[in-house]
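*Asks:* Take this structure first; my questions come after.
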Amino acid sequence: MTASAPAQPTNGVPENFTPPHPSLHTNRVLPGFKVSLGFTIAYVSLIVLIPLAALAARPWEHGWAGFWSVLTDGRVLASLRLSFTTAGAAAVLNLFVGTIIAWVLTRYKFPGVKILDAFVDLPFALPTAVAGIALCTLYATNGWVGSLFAPFGIKIAYTPIGIFIALVFVGLPFVVRSVQPVLADFDAEVEEAALTLGAAPWQTAIRVILPGLAPALLTGFSLSMARAVGEYGSVIFIAGNMPYISEITPQLIIIKLQEYDYAGAASVGLIMLLWSIVILAIINAAQMWLFQRGRA
Amino acid sequence: MSLTVSNITKTFTKFAALSNVTFEAEPGEFLALLGPSGSGKTTLLRLLAGLDQPDSGAIAFDGEDFLQLNARERRIGMVFQSYALFRHMTVADNIAFGLTVRPGKERPSKSQIKAKVDSLLKLIQLEDLGKRFPAQLSGGQRQRVALARALAIEPRILLLDEPFGALDALVRKDLRRWLRRIHDETGVTTVFVTHDQEEALDLADRVVVLKEGRIEQIGKPLELYRDPSSAFVFEFLGANNQAAGTLRGSSVDFGGFSVPAIVKGAADGTAVARFRPFDTQVSRSGPGFPVKVLSVLPAGANLRLELQGADGQVYETQHAHDQETSDLKAGDTVNLLPTKVYVFA
Amino acid sequence: MRARPAEAPKAAGAIGLSLVAVFWLGLIILLPLVTVLFEASKGGIEPFLAAVAEPDTIAAIQLTLLVAAIAVPLNAVFGIAAAWCVTRFEFRGKGLLLTIIDLPFTISPVIAGLVWMLLFGAQGWFGAWLRLNDIHIVFALPGLVLATILVTFPFVARELIPLMNDQGTDEEVAARTLGARGWDIFFRITLPNIKWALLYGVLLCTARAMGEFGAVSVVSGHIRGQTNTLPLQIEILYNQYESVAAFACASILAGLALITLLLKSVLEWRFAGELAANRRH
């Protein structure tokens with residue numbers, strides 16, 4: 001068949017045709033399509049779409065100028081700068097340490113490694129308020145860790161360093177849990193092939209394994225960063241919440257709400273929502289990348 | 001007529017999977033849908049099962065319009081290629097499933113269901129394995145359980161999708177004979193899909209040969225084999241050789257000698273003659289194409305030869321062990337004479 | 001393909017990496033947990049019991065359980081419905097639906113609370129109407145439930161979708177040809193195949209629902225004894241320098257987290273094959 005052939009059905013299976021997934025065939029066979037889709041859409045609309053529509057509609061009360069003046073307000077800018085830099089820094093640190101931890105948990109066997117593995121999920125499971133007061137106590141100048149740094153004049157709690165520590169805590173599992181399955185599934189023969197070609201183990205790790213991890217690393221980094229930017233509970237206790245210095249964006253949204261400045265709160269909230277959507281898009285792209293690699 | 005399929009057409013977005021397919025199955029008949037992959041045979045089976053809807057055409061069973069019934073209402077017994085056994089149920093529960101999901105009034109009593117399951121387990125010769133789970137069975141055993149599960153609902157038709165596809169050669173042969181026996185015992189009209197011509201010819205009462213969504217030929221196995229209607233059917237049904245010659249009436253002239261031909265719509269003139277490996281003779285001095293022996297394979301009762309003509313064409317032939325052939329060896333030069341050839345339009 | 005088996009770290013590099021991992025997990029993750037348990041037990045058993053028996057704390061525990069008891073079943077039903085339509089049928093906009101389901105994973109909990117204020121708060125879309133009709137949503141139970149649902153609704157769906165995709169429709173289609181009706185297919189074929197993944201999703205959803213802080217903090221109004229869930233009660237106690245009481249409450253939630261981790265590990269170990277391979281929180 002030439003490229004100019006009219007697009008009418010031909011007999012037989014065209015080249016590189018992949019049969020439709022069985023579920024394509026089952027539209028009429030399995031019941032419950034309308035009920036399940038109807039319920040799903042209704043639920044999603046009520047719980048997510050209508051509330052988010054309210055968020056998207058609210059900032060424009062005082063027009064574009066009102067929205068803009070909120071965003072360019074010095075205190076808002078300072079909080080955004082703080083939230084994004086501490087979240088970014090925490091995600092970068094988590095990327096490195098998380099990859100090392102994932103590596104150790106999949107490759108090495110020593111007493112207690114399984115328990116350690118289970119505890120990686122603690123920041124998911126531990127309520128953020130609990131983590132928040134624990135970190136605050138731990139890193140205060142009279143706390144177990146804080147007191148080690150106090151003699152050098154380094155204050156951790158109630159400073160941006162404290163925020164950074166809290167964000168490292170909440171973000172760490174995302175990197176470990178993104179990287180770990182890919183590392184565990186890595187074909188041992190590929191690695192052995194590199195070794196037989198004369199690569200040293202560290203060369204194999206960096207030149208053969210690491211590139212294969214790239215999509216998982218991107219996913220882990222993005223999830224860790226997304227969670228960190230929006231984090232509230234584990235941060236507010238340790239942050240100190242000083243305007244312009246240690247006030248994170250979510251805290252500022254709450255303050256604006258308490259001042260009945262709904263439009264202002266919604267303006268800042270909308271920026272953070274758009275940010276979440278961008279992150280989600282990056283994660284989806286990374287997953288596609290990973291999937292295509294898996295098929296190649 | 002028990003099953004009538006008329007003018008079925010089914011088009012997927014990119015291509016026509018079936019066009020104008022028409023055939024019938026008689027009560028109790030064992031019918032094979034045979035074709036290469038992409039011929040539309042599985043699509044056709046799914047239409048019969050109600051798992052898909054045709055774009056046009058009709059499917060009827062005993063005069064009842066099947067297209068008005070959904071997969072649940074047709075009461076067909078379907079054996080899936082993957083078997084689709086319920087992994088969390090025992091073999092006995094799998095077989096009983098179709099009976100236990102019937103609405104209250106039609107549902108047989110517990111003891112009736114148990115008796116039915118026991119008799120089916122006996123039929124498939126797995127009496128002692130009723131309490132096992134599918135994961136604990138071999139491939140052949142799973143296949144038999146899938147069949148018993150389909151038979152339990154006393155289906156009006158039994159549909160099998162590549163029933164032996166996932167099994168190894170030895171188990172296949174065994175199950176094939178067993179399936180035929182089950183069919184003869186139950187007498188249920190059966191349609192099965194296969195891409196293996198040997199399987200179709202061996203098992204079926206009649207075979208429907210499909211090519212690119214169209215029916216190429218329908219017939220009893222022997223008819224198809226002796227009287228293929230097209231080059232496609234001839235080639236698909238077994239090993240074959242080709243040679244160029246000139247068709248004159250009912251024989252083909254190969255320049256120096258001529259051979260009787262079965263002619264299917266071909267006109268006199270230059271023609272491609274096709275012949276089976278066993279419709280041949282080789283001799284050192286008789287008539288035929290001069291060919292060189294490439295290899296000699298003593299395959300059980302027969303001797304298989306690989307031969308090459310002067311033009312490079314390779315032929316495969318099969319002979320009884322006899323005086324003329326048994327002392328052949330690679331490198332010898334002999335004459336190859338087809339004894340019967342087919343010429344298609 | 002074969003994965004490389006784990007081995008004891010022998011080379012200096014391997015031992016070094018292992019030490020880094022152990023040290024970091026100990027410092028960042030275990031130490032805060034130890035702090036909670038230590039601070040809670042510092043005063044001995046009596047102040048601990050006294051703090052927990054405080055009427056406001058009891059009310060907070062009851063409210064937390066009530067909110068979870070409403071939010072989790074709703075999200076479980078949603079998760080099953082969403083997984084059924086997404087994995088069993090083809091339809092336009094499926095990708096968009098999946099993206100929306102993922103959204104709460106990346107959204108800030110504060111936003112998840114804020115949106116309900118914008119709808120039902122005093123200055124919200126329906127604020128005036130609600131006040132006229134004396135209906136309380138924010139600063140009351142419905143607001144807490146809505147905020148919790150929004151934060152936790154993907155957990156069950158995200159557990160079921162990959163698993164049901166993997167399992168395919170063969171068994172359900174076979175059941176259909178054998179004459180099974182819709183609910184027969186669901187209860188006798190689908191549910192037994194997904195039950196452990198469902199339990200796993202419900203477990204994660206429950207843990208998050210009981211521990212949620214940011215979203216409920218926005219809509220709660222912090223009325224002691226009335227709209228304070230346990231995490232909010234902890235905040236108040238801590239800010240009032242009632243450290244022992246705060247950590248006593250915190251240790252209850254930490255205990256819950258440990259039980260969650262334990263159950264999660266047991267499920268992962270015992271039913272690895274029946275849980276989705278690709279997990280994302």
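Chain identifiers are assigned as A, B, and so on, following the order in which chains appear in the structure tokens; residues are numbered from 1 within each chain, and ligands are numbered from 1 in order of appearance.
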Give as a VMD selection string every residue of chain C that touches chain A within 7 Å, counting only C-alpha atoms.

*Replies:* chain C and resid 1 to 9 17 to 18 21 28 to 29 32 35 to 36 78 81 to 82 84 to 85 88 to 90 106 to 111 115 to 116 118 to 119 150 169 173 182 207 to 208 211 to 214 218 231 235 250 253 to 254 257 260 to 261 265

*Asks:* Any chance you can output those residues with C-alpha atoms as a compact mmCIF listing (two decimals), in the first residue's frame?

*Replies:*
# COMPACT_ATOMS: atom_id res chain seq x y z
CA MET C 1 15.15 -11.33 32.85
CA ARG C 2 16.49 -11.85 36.30
CA ALA C 3 16.98 -9.35 39.07
CA ARG C 4 20.21 -9.23 40.97
CA PRO C 5 19.95 -10.87 44.39
CA ALA C 6 20.77 -8.83 47.48
CA GLU C 7 24.07 -9.67 49.16
CA ALA C 8 25.93 -8.72 52.31
CA PRO C 9 27.93 -5.50 51.78
CA LEU C 17 26.90 3.37 51.39
CA SER C 18 25.11 1.12 53.86
CA ALA C 21 21.71 4.92 54.48
CA ILE C 28 15.72 11.86 59.64
CA ILE C 29 13.00 9.25 60.13
CA PRO C 32 11.44 12.04 65.36
CA THR C 35 11.22 11.78 70.29
CA VAL C 36 7.43 11.40 70.28
CA PHE C 78 -15.56 5.73 44.64
CA ALA C 81 -16.42 2.52 40.72
CA ALA C 82 -13.57 4.51 39.20
CA TRP C 84 -14.24 -0.51 37.22
CA CYS C 85 -15.04 2.07 34.55
CA ARG C 88 -13.14 -2.32 32.02
CA PHE C 89 -14.20 0.15 29.34
CA GLU C 90 -12.80 2.51 26.73
CA THR C 106 0.35 16.89 44.46
CA ILE C 107 -2.07 19.49 45.79
CA SER C 108 -1.31 21.28 49.06
CA PRO C 109 -3.57 20.21 51.93
CA VAL C 110 -4.15 23.88 52.64
CA ILE C 111 -5.64 24.28 49.15
CA VAL C 115 -11.58 25.46 48.30
CA TRP C 116 -14.32 24.52 50.80
CA LEU C 118 -14.42 29.55 49.07
CA LEU C 119 -17.62 27.57 48.55
CA LEU C 150 -10.64 15.56 49.00
CA THR C 169 -11.24 -8.93 31.80
CA VAL C 173 -16.15 -12.10 30.37
CA GLY C 182 -23.70 -7.84 36.97
CA ALA C 207 -4.27 6.33 58.07
CA ARG C 208 -4.23 9.53 56.06
CA GLY C 211 -3.85 12.02 60.52
CA GLU C 212 -4.85 14.81 58.13
CA PHE C 213 -3.94 18.21 59.52
CA GLY C 214 -3.58 20.99 56.95
CA VAL C 218 -8.47 25.39 57.46
CA PRO C 231 -4.19 16.30 65.11
CA GLU C 235 -1.56 21.66 67.83
CA ALA C 250 0.80 12.45 69.39
CA LEU C 253 -1.36 8.77 66.42
CA ALA C 254 2.24 7.54 66.19
CA ALA C 257 1.06 4.96 62.20
CA THR C 260 -0.43 0.95 59.71
CA LEU C 261 3.17 0.30 58.69
CA SER C 265 4.27 -4.70 55.47

*Asks:* Compile the residues of chain B that lie within 6 Å of chain C, evaluated using only C-alpha atoms, and express the compilation as an mmCIF file with C-alpha atoms, in the first residue's frame.

*Replies:*
data_model
loop_
_atom_site.group_PDB
_atom_site.id
_atom_site.type_symbol
_atom_site.label_atom_id
_atom_site.label_comp_id
_atom_site.auth_asym_id
_atom_site.auth_seq_id
_atom_site.Cartn_x
_atom_site.Cartn_y
_atom_site.Cartn_z
ATOM 1 C CA ALA B 71 -23.482 -12.859 25.792
ATOM 2 C CA ARG B 72 -25.267 -13.860 28.982
ATOM 3 C CA ALA B 84 -9.942 -17.658 31.931
ATOM 4 C CA PHE B 86 -11.515 -18.204 38.101
ATOM 5 C CA GLY B 98 -22.635 -21.252 35.564
ATOM 6 C CA VAL B 101 -25.418 -17.915 39.183
#

*Asks:* Enumerate as a VMD selection string all residues of region 120-227 of chain C assigned to helix (DSSP H, G or I) by DSSP on the backbone, naming them with the chain letters and numbers the document uses.

*Replies:* chain C and resid 120 127 to 132 141 to 152 154 to 167 170 to 177 182 to 211 214 to 220

*Asks:* Contacts of region 201-203 of chain C at 8 Å or less, counting only C-alpha atoms, minus same-chain residues fewer than 5 places along, as a PyMOL selection string?

*Replies:* chain C and resi 72+76+155-160+260+264

*Asks:* CA of Arg87 (chain B) and CA of Gly104 (chain B) are how many Å apart?

*Replies:* 25.3 Å

*Asks:* Could you tell me, as a ChimeraX atom specification, which residues of region 41-282 of chain B DSSP assigns to strand (DSSP E or B) when given the backbone?

*Replies:* /B:56-61,64-65,76-79,157-161,189-194,206-211,214-219,241-248,251-253,258-264,269-275,280-282

*Asks:* Leaving out region 145-149 of chain B and any residue of its chain fewer than 2 positions from it, which residues lie within 8 Å of it when counting only C-alpha atoms, given as a ChimeraX atom specification?

*Replies:* /B:78-80,83-85,91,94-98,120-121,124,141-143,151-153

*Asks:* Compile the residues of chain B that lie within 6 Å of chain A, evaluated using only C-alpha atoms, and express the compilation as a count of residues only.

*Replies:* 6

*Asks:* Within 8 Å of Ala248 (chain C), counting only C-alpha atoms, which residues qualify if same-chain residues fewer than 2 places away don't, as a PDB file with all heavy atoms, in the first residue's frame?

*Replies:*
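Now in around-v1.pdb:
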ATOM      1  N   GLU C  39       9.047  11.817  74.689  1.00  0.00           N
ATOM      2  CA  GLU C  39       8.392  12.980  75.305  1.00  0.00           C
ATOM      3  C   GLU C  39       7.072  12.588  75.962  1.00  0.00           C
ATOM      4  O   GLU C  39       6.686  13.125  76.994  1.00  0.00           O
ATOM      5  CB  GLU C  39       8.140  14.070  74.261  1.00  0.00           C
ATOM      6  CG  GLU C  39       9.394  14.705  73.688  1.00  0.00           C
ATOM      7  CD  GLU C  39      10.093  15.637  74.686  1.00  0.00           C
ATOM      8  OE1 GLU C  39       9.390  16.190  75.556  1.00  0.00           O
ATOM      9  OE2 GLU C  39      11.323  15.783  74.603  1.00  0.00           O
ATOM     10  N   ALA C  40       6.363  11.642  75.304  1.00  0.00           N
ATOM     11  CA  ALA C  40       5.065  11.228  75.834  1.00  0.00           C
ATOM     12  C   ALA C  40       5.228  10.476  77.153  1.00  0.00           C
ATOM     13  O   ALA C  40       4.369  10.559  78.035  1.00  0.00           O
ATOM     14  CB  ALA C  40       4.333  10.354  74.821  1.00  0.00           C
ATOM     15  N   SER C  41       6.347   9.756  77.307  1.00  0.00           N
ATOM     16  CA  SER C  41       6.512   8.927  78.500  1.00  0.00           C
ATOM     17  C   SER C  41       7.340   9.613  79.569  1.00  0.00           C
ATOM     18  O   SER C  41       7.583   9.044  80.621  1.00  0.00           O
ATOM     19  CB  SER C  41       7.167   7.602  78.094  1.00  0.00           C
ATOM     20  OG  SER C  41       8.428   7.873  77.524  1.00  0.00           O
ATOM     21  N   PHE C  48       0.251  10.972  81.476  1.00  0.00           N
ATOM     22  CA  PHE C  48      -0.131  10.490  80.151  1.00  0.00           C
ATOM     23  C   PHE C  48      -1.617  10.142  80.120  1.00  0.00           C
ATOM     24  O   PHE C  48      -2.379  10.611  79.286  1.00  0.00           O
ATOM     25  CB  PHE C  48       0.717   9.256  79.788  1.00  0.00           C
ATOM     26  CG  PHE C  48       0.369   8.648  78.465  1.00  0.00           C
ATOM     27  CD1 PHE C  48       1.014   9.049  77.305  1.00  0.00           C
ATOM     28  CD2 PHE C  48      -0.606   7.661  78.367  1.00  0.00           C
ATOM     29  CE1 PHE C  48       0.694   8.487  76.085  1.00  0.00           C
ATOM     30  CE2 PHE C  48      -0.928   7.095  77.144  1.00  0.00           C
ATOM     31  CZ  PHE C  48      -0.278   7.507  76.008  1.00  0.00           C
ATOM     32  N   ALA C  51      -3.853  13.141  80.503  1.00  0.00           N
ATOM     33  CA  ALA C  51      -3.959  13.928  79.273  1.00  0.00           C
ATOM     34  C   ALA C  51      -4.927  13.280  78.289  1.00  0.00           C
ATOM     35  O   ALA C  51      -5.728  13.955  77.653  1.00  0.00           O
ATOM     36  CB  ALA C  51      -2.574  14.081  78.644  1.00  0.00           C
ATOM     37  N   VAL C  52      -4.835  11.968  78.198  1.00  0.00           N
ATOM     38  CA  VAL C  52      -5.682  11.272  77.236  1.00  0.00           C
ATOM     39  C   VAL C  52      -7.141  11.277  77.682  1.00  0.00           C
ATOM     40  O   VAL C  52      -8.058  11.319  76.862  1.00  0.00           O
ATOM     41  CB  VAL C  52      -5.166   9.823  77.026  1.00  0.00           C
ATOM     42  CG1 VAL C  52      -6.121   9.030  76.153  1.00  0.00           C
ATOM     43  CG2 VAL C  52      -3.779   9.848  76.408  1.00  0.00           C
ATOM     44  N   VAL C 244       3.475  17.598  77.570  1.00  0.00           N
ATOM     45  CA  VAL C 244       3.219  16.184  77.863  1.00  0.00           C
ATOM     46  C   VAL C 244       1.897  15.742  77.239  1.00  0.00           C
ATOM     47  O   VAL C 244       1.800  14.698  76.601  1.00  0.00           O
ATOM     48  CB  VAL C 244       3.223  15.930  79.381  1.00  0.00           C
ATOM     49  CG1 VAL C 244       2.767  14.507  79.674  1.00  0.00           C
ATOM     50  CG2 VAL C 244       4.616  16.166  79.940  1.00  0.00           C
ATOM     51  N   ALA C 245       0.871  16.570  77.413  1.00  0.00           N
ATOM     52  CA  ALA C 245      -0.434  16.227  76.851  1.00  0.00           C
ATOM     53  C   ALA C 245      -0.359  16.158  75.330  1.00  0.00           C
ATOM     54  O   ALA C 245      -0.904  15.238  74.706  1.00  0.00           O
ATOM     55  CB  ALA C 245      -1.471  17.270  77.275  1.00  0.00           C
ATOM     56  N   ALA C 246       0.332  17.137  74.732  1.00  0.00           N
ATOM     57  CA  ALA C 246       0.457  17.130  73.273  1.00  0.00           C
ATOM     58  C   ALA C 246       1.133  15.855  72.794  1.00  0.00           C
ATOM     59  O   ALA C 246       0.667  15.191  71.857  1.00  0.00           O
ATOM     60  CB  ALA C 246       1.256  18.352  72.817  1.00  0.00           C
ATOM     61  N   ALA C 250      -0.025  12.758  70.552  1.00  0.00           N
ATOM     62  CA  ALA C 250       0.803  12.448  69.388  1.00  0.00           C
ATOM     63  C   ALA C 250       1.210  10.983  69.392  1.00  0.00           C
ATOM     64  O   ALA C 250       1.279  10.340  68.342  1.00  0.00           O
ATOM     65  CB  ALA C 250       2.039  13.340  69.362  1.00  0.00           C
ATOM     66  N   SER C 251       1.463  10.451  70.599  1.00  0.00           N
ATOM     67  CA  SER C 251       1.907   9.062  70.649  1.00  0.00           C
ATOM     68  C   SER C 251       0.779   8.108  70.272  1.00  0.00           C
ATOM     69  O   SER C 251       1.025   7.029  69.723  1.00  0.00           O
ATOM     70  CB  SER C 251       2.455   8.718  72.031  1.00  0.00           C
ATOM     71  OG  SER C 251       1.407   8.736  72.974  1.00  0.00           O
ATOM     72  N   ILE C 252      -0.468   8.519  70.516  1.00  0.00           N
ATOM     73  CA  ILE C 252      -1.583   7.677  70.052  1.00  0.00           C
ATOM     74  C   ILE C 252      -1.552   7.588  68.528  1.00  0.00           C
ATOM     75  O   ILE C 252      -1.632   6.508  67.936  1.00  0.00           O
ATOM     76  CB  ILE C 252      -2.939   8.269  70.493  1.00  0.00           C
ATOM     77  CG1 ILE C 252      -3.035   8.277  72.023  1.00  0.00           C
ATOM     78  CG2 ILE C 252      -4.091   7.466  69.893  1.00  0.00           C
ATOM     79  CD1 ILE C 252      -4.286   8.984  72.523  1.00  0.00           C
TER      80      ILE C 252
END

*Asks:* Using only C-alpha atoms, pick whichever of A:Ser147, A:Ser246, A:Asn142, A:Gln292 has the shortest atom-to-atom distance to Gly212 (chain A).

*Replies:*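 Using only C-alpha atoms, the shortest distance to Gly212 (chain A) belongs to A:Gln292.
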
*Asks:* Counting only C-alpha atoms, which residue out of A:Val176, A:Ala140, A:Ala157, A:Leu82 sits closest to Ala239 (chain A)?

*Replies:*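 Closest candidate: A:Ala157.
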
*Asks:* Nearest residue to Tyr315 (chain B) out of B:Glu223, B:Pro27, B:Asn241, B:Leu129, using only C-alpha atoms?

*Replies:*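 With only C-alpha atoms as the atom set, the closest residue is B:Asn241.
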
*Asks:* Find the distance between CA of Asn20 (chain B) and CA of Asn7 (chain B) and write it in Å to one decimal.

*Replies:*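 Spanning CA of Asn20 (chain B) to CA of Asn7 (chain B) is a straight-line distance of 4.1 Å.
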
*Asks:* Calculate how many Å separate CA of Lys329 (chain B) from CA of Val296 (chain B), rounding to one decimal.

*Replies:*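 Calculated distance between CA of Lys329 (chain B) and CA of Val296 (chain B) is 6.3 Å.
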
*Asks:* If we count only C-alpha atoms, what is near Ile76 (chain B) at a cut-off of 8 Å, once residues fewer than 5 positions away on the same chain are taken out, given as a compact mmCIF listing (two decimals) with C-alpha atoms, in the first residue's frame?

*Replies:*
# COMPACT_ATOMS: atom_id res chain seq x y z
CA ALA B 49 -20.35 -15.57 21.52
CA ALA B 71 -23.48 -12.86 25.79
CA ALA B 150 -18.49 -24.51 29.54
CA PRO B 155 -24.72 -24.93 26.05
CA ARG B 156 -26.54 -24.71 22.79
CA ILE B 157 -23.22 -24.32 21.01
CA LEU B 158 -19.70 -24.87 22.22
CA LEU B 159 -17.13 -22.32 21.06
CA THR C 177 -20.89 -16.14 28.99
CA LEU C 178 -21.74 -18.58 31.78
